[in-house]
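One file, work25.pdb, carrying PDB, C-alpha atoms, pLDDT in the B column:
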ATOM      1  CA  MET A  32      58.240-158.161-121.602  1.00 76.00           C
ATOM      2  CA  ASN A  33      54.581-157.927-122.480  1.00 89.00           C
ATOM      3  CA  LYS A  34      53.020-159.309-125.619  1.00 92.00           C
ATOM      4  CA  LEU A  35      51.457-156.961-128.139  1.00 96.00           C
ATOM      5  CA  SER A  36      47.825-157.228-129.157  1.00 97.00           C
ATOM      6  CA  VAL A  37      48.110-158.248-132.793  1.00 98.00           C
ATOM      7  CA  LYS A  38      44.657-156.926-133.684  1.00 98.00           C
ATOM      8  CA  GLY A  39      45.164-153.639-131.835  1.00 98.00           C
ATOM      9  CA  PHE A  40      48.614-153.032-133.294  1.00 98.00           C
ATOM     10  CA  ALA A  41      47.406-153.904-136.795  1.00 98.00           C
ATOM     11  CA  ILE A  42      44.502-151.441-136.570  1.00 98.00           C
ATOM     12  CA  ALA A  43      46.680-148.684-135.097  1.00 98.00           C
ATOM     13  CA  PHE A  44      49.377-149.150-137.726  1.00 98.00           C
ATOM     14  CA  GLY A  45      46.780-149.328-140.504  1.00 98.00           C
ATOM     15  CA  VAL A  46      45.069-146.114-139.406  1.00 98.00           C
ATOM     16  CA  SER A  47      48.406-144.330-139.074  1.00 98.00           C
ATOM     17  CA  TRP A  48      49.638-145.423-142.497  1.00 98.00           C
ATOM     18  CA  GLY A  49      46.291-144.687-144.123  1.00 98.00           C
ATOM     19  CA  LEU A  50      46.254-141.150-142.703  1.00 98.00           C
ATOM     20  CA  LEU A  51      49.820-140.606-143.861  1.00 98.00           C
ATOM     21  CA  VAL A  52      48.994-141.655-147.426  1.00 98.00           C
ATOM     22  CA  LEU A  53      45.865-139.478-147.356  1.00 98.00           C
ATOM     23  CA  SER A  54      47.788-136.428-146.190  1.00 98.00           C
ATOM     24  CA  ILE A  55      50.565-136.967-148.755  1.00 98.00           C
ATOM     25  CA  ASP A  56      48.034-137.169-151.591  1.00 98.00           C
ATOM     26  CA  TRP A  57      46.017-134.176-150.412  1.00 98.00           C
ATOM     27  CA  PHE A  58      49.065-131.990-149.758  1.00 97.00           C
ATOM     28  CA  ALA A  59      50.316-132.851-153.246  1.00 97.00           C
ATOM     29  CA  ALA A  60      46.925-131.950-154.723  1.00 97.00           C
ATOM     30  CA  LEU A  61      46.426-128.715-152.774  1.00 97.00           C
ATOM     31  CA  PHE A  62      49.907-127.269-152.370  1.00 97.00           C
ATOM     32  CA  LYS A  63      52.011-129.245-154.888  1.00 95.00           C
ATOM     33  CA  TRP A  64      54.194-130.518-152.018  1.00 95.00           C
ATOM     34  CA  GLY A  65      55.532-134.048-152.407  1.00 94.00           C
ATOM     35  CA  THR A  66      54.018-134.702-155.807  1.00 95.00           C
ATOM     36  CA  SER A  67      56.769-137.155-156.727  1.00 96.00           C
ATOM     37  CA  LEU A  68      56.122-139.064-153.488  1.00 96.00           C
ATOM     38  CA  ALA A  69      52.366-139.079-154.175  1.00 96.00           C
ATOM     39  CA  ASN A  70      52.996-140.308-157.713  1.00 95.00           C
ATOM     40  CA  GLY A  71      55.310-142.989-156.350  1.00 96.00           C
ATOM     41  CA  LEU A  72      52.623-144.159-153.957  1.00 95.00           C
ATOM     42  CA  SER A  73      50.112-144.206-156.790  1.00 95.00           C
ATOM     43  CA  SER A  74      52.318-146.749-158.547  1.00 95.00           C
ATOM     44  CA  LEU A  75      51.830-149.018-155.508  1.00 94.00           C
ATOM     45  CA  TYR A  76      48.181-148.306-154.692  1.00 96.00           C
ATOM     46  CA  LEU A  77      45.824-148.608-157.675  1.00 95.00           C
ATOM     47  CA  TRP A  78      43.610-145.592-158.410  1.00 96.00           C
ATOM     48  CA  SER A  79      45.279-143.431-155.766  1.00 96.00           C
ATOM     49  CA  GLY A  80      47.044-140.180-156.483  1.00 95.00           C
ATOM     50  CA  PRO A  81      47.256-136.464-155.783  1.00 96.00           C
ATOM     51  CA  SER A  82      43.527-135.632-155.818  1.00 96.00           C
ATOM     52  CA  PHE A  83      40.639-135.671-153.356  1.00 97.00           C
ATOM     53  CA  LEU A  84      39.291-139.047-154.488  1.00 97.00           C
ATOM     54  CA  GLY A  85      42.787-140.413-155.063  1.00 97.00           C
ATOM     55  CA  GLY A  86      43.655-139.556-151.460  1.00 97.00           C
ATOM     56  CA  ILE A  87      40.604-141.397-150.134  1.00 98.00           C
ATOM     57  CA  ILE A  88      41.400-144.468-152.231  1.00 98.00           C
ATOM     58  CA  GLY A  89      45.065-144.274-151.206  1.00 97.00           C
ATOM     59  CA  ALA A  90      44.029-144.060-147.548  1.00 98.00           C
ATOM     60  CA  LEU A  91      41.959-147.222-147.889  1.00 98.00           C
ATOM     61  CA  TRP A  92      44.832-149.054-149.580  1.00 98.00           C
ATOM     62  CA  GLY A  93      47.214-147.656-146.981  1.00 98.00           C
ATOM     63  CA  PHE A  94      45.001-148.898-144.160  1.00 98.00           C
ATOM     64  CA  VAL A  95      44.930-152.422-145.572  1.00 98.00           C
ATOM     65  CA  ASP A  96      48.670-152.405-146.287  1.00 98.00           C
ATOM     66  CA  GLY A  97      49.509-150.918-142.886  1.00 98.00           C
ATOM     67  CA  ALA A  98      47.227-153.340-141.039  1.00 98.00           C
ATOM     68  CA  ILE A  99      48.880-156.331-142.686  1.00 98.00           C
ATOM     69  CA  GLY A 100      52.337-154.918-141.960  1.00 98.00           C
ATOM     70  CA  GLY A 101      51.369-154.070-138.375  1.00 98.00           C
ATOM     71  CA  ALA A 102      50.059-157.586-137.776  1.00 98.00           C
ATOM     72  CA  ILE A 103      53.297-159.069-139.106  1.00 98.00           C
ATOM     73  CA  ILE A 104      55.375-156.759-136.884  1.00 98.00           C
ATOM     74  CA  ALA A 105      53.294-157.666-133.808  1.00 98.00           C
ATOM     75  CA  LEU A 106      53.507-161.403-134.568  1.00 98.00           C
ATOM     76  CA  VAL A 107      57.279-161.261-134.993  1.00 97.00           C
ATOM     77  CA  TYR A 108      57.646-159.195-131.808  1.00 97.00           C
ATOM     78  CA  ASN A 109      55.508-161.648-129.820  1.00 96.00           C
ATOM     79  CA  TRP A 110      57.497-164.569-131.229  1.00 96.00           C
ATOM     80  CA  VAL A 111      60.810-162.937-130.224  1.00 95.00           C
ATOM     81  CA  VAL A 112      59.493-162.177-126.725  1.00 93.00           C
ATOM     82  CA  LYS A 113      58.338-165.777-126.357  1.00 92.00           C
ATOM     83  CA  LYS A 114      61.745-167.111-127.461  1.00 89.00           C
ATOM     84  CA  LYS A 115      63.563-164.881-124.950  1.00 82.00           C
ATOM     85  CA  LYS A 116      61.696-166.377-121.976  1.00 73.00           C
TER      86      LYS A 116
END
How would this structure read if it were set down as structure tokens?
Amino acid sequence: MNKLSVKGFAIAFGVSWGLLVLSIDWFAALFKWGTSLANGLSSLYLWSGPSFLGGIIGALWGFVDGAIGGAIIALVYNWVVKKKK
């Protein structure tokens, strides 16, 4: 099995999570879809919420959170692959 690039996986996961948080906040602001989810995320990410600016701030927090989580996932995966050999 091949090792994962920790940096690449962290960036990809961070961008994906950041875009997801952005879309949740903007859909809640524009169409009132998922407002309880957007409000729940705003309890995790300071100054984020269902608004234009809140979505941008949530996306930045989501990127940082997702990048850290992605790096941890890649490190654990690489460790498991190394142990299997």
What is the atom CA of A:Leu61 to atom CA of A:Leu84 distance in Å?
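That distance, rounded to one decimal, is 12.7 Å.
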Contacts of A:Lys115 at 12 Å (only C-alpha atoms; same-chain gap of 5+ positions) as number ranges by chain
A: 32-34, 108-110
Nearest candidate to A:Phe83 (options A:Phe62, A:Phe40, A:Trp57, A:Trp48; using all atoms listed in the file)
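Result for the nearest residue to A:Phe83: A:Trp57.
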Enumerate, as a PyMOL selection string, the residues matched when the PyMOL selection byres ((chain A and resi 90-104) around 9) is run on the file above.
chain A and resi 36-54+56+76-77+79+85-89+105-109
Taking all atoms listed in the file into account, which of A:Leu35, A:Val112, A:Ile55, A:Ala60 comes nearest A:Pro81?
A:Ala60
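Nearest residue to A:Ala59, choosing from A:Ser82, A:Lys116, A:Val111, A:Ser74 and counting all atoms listed in the file: A:Ser82.
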Could you work out an axis-aligned bounding box for all listed atoms of stretch 81-93 of chain A, with 6 Å added on each of the six sides, and give its centre and edge lengths in Å to one decimal, as JSON?
{"center_x": 43.3, "center_y": -142.3, "center_z": -151.4, "size_x": 20.0, "size_y": 25.4, "size_z": 20.8}
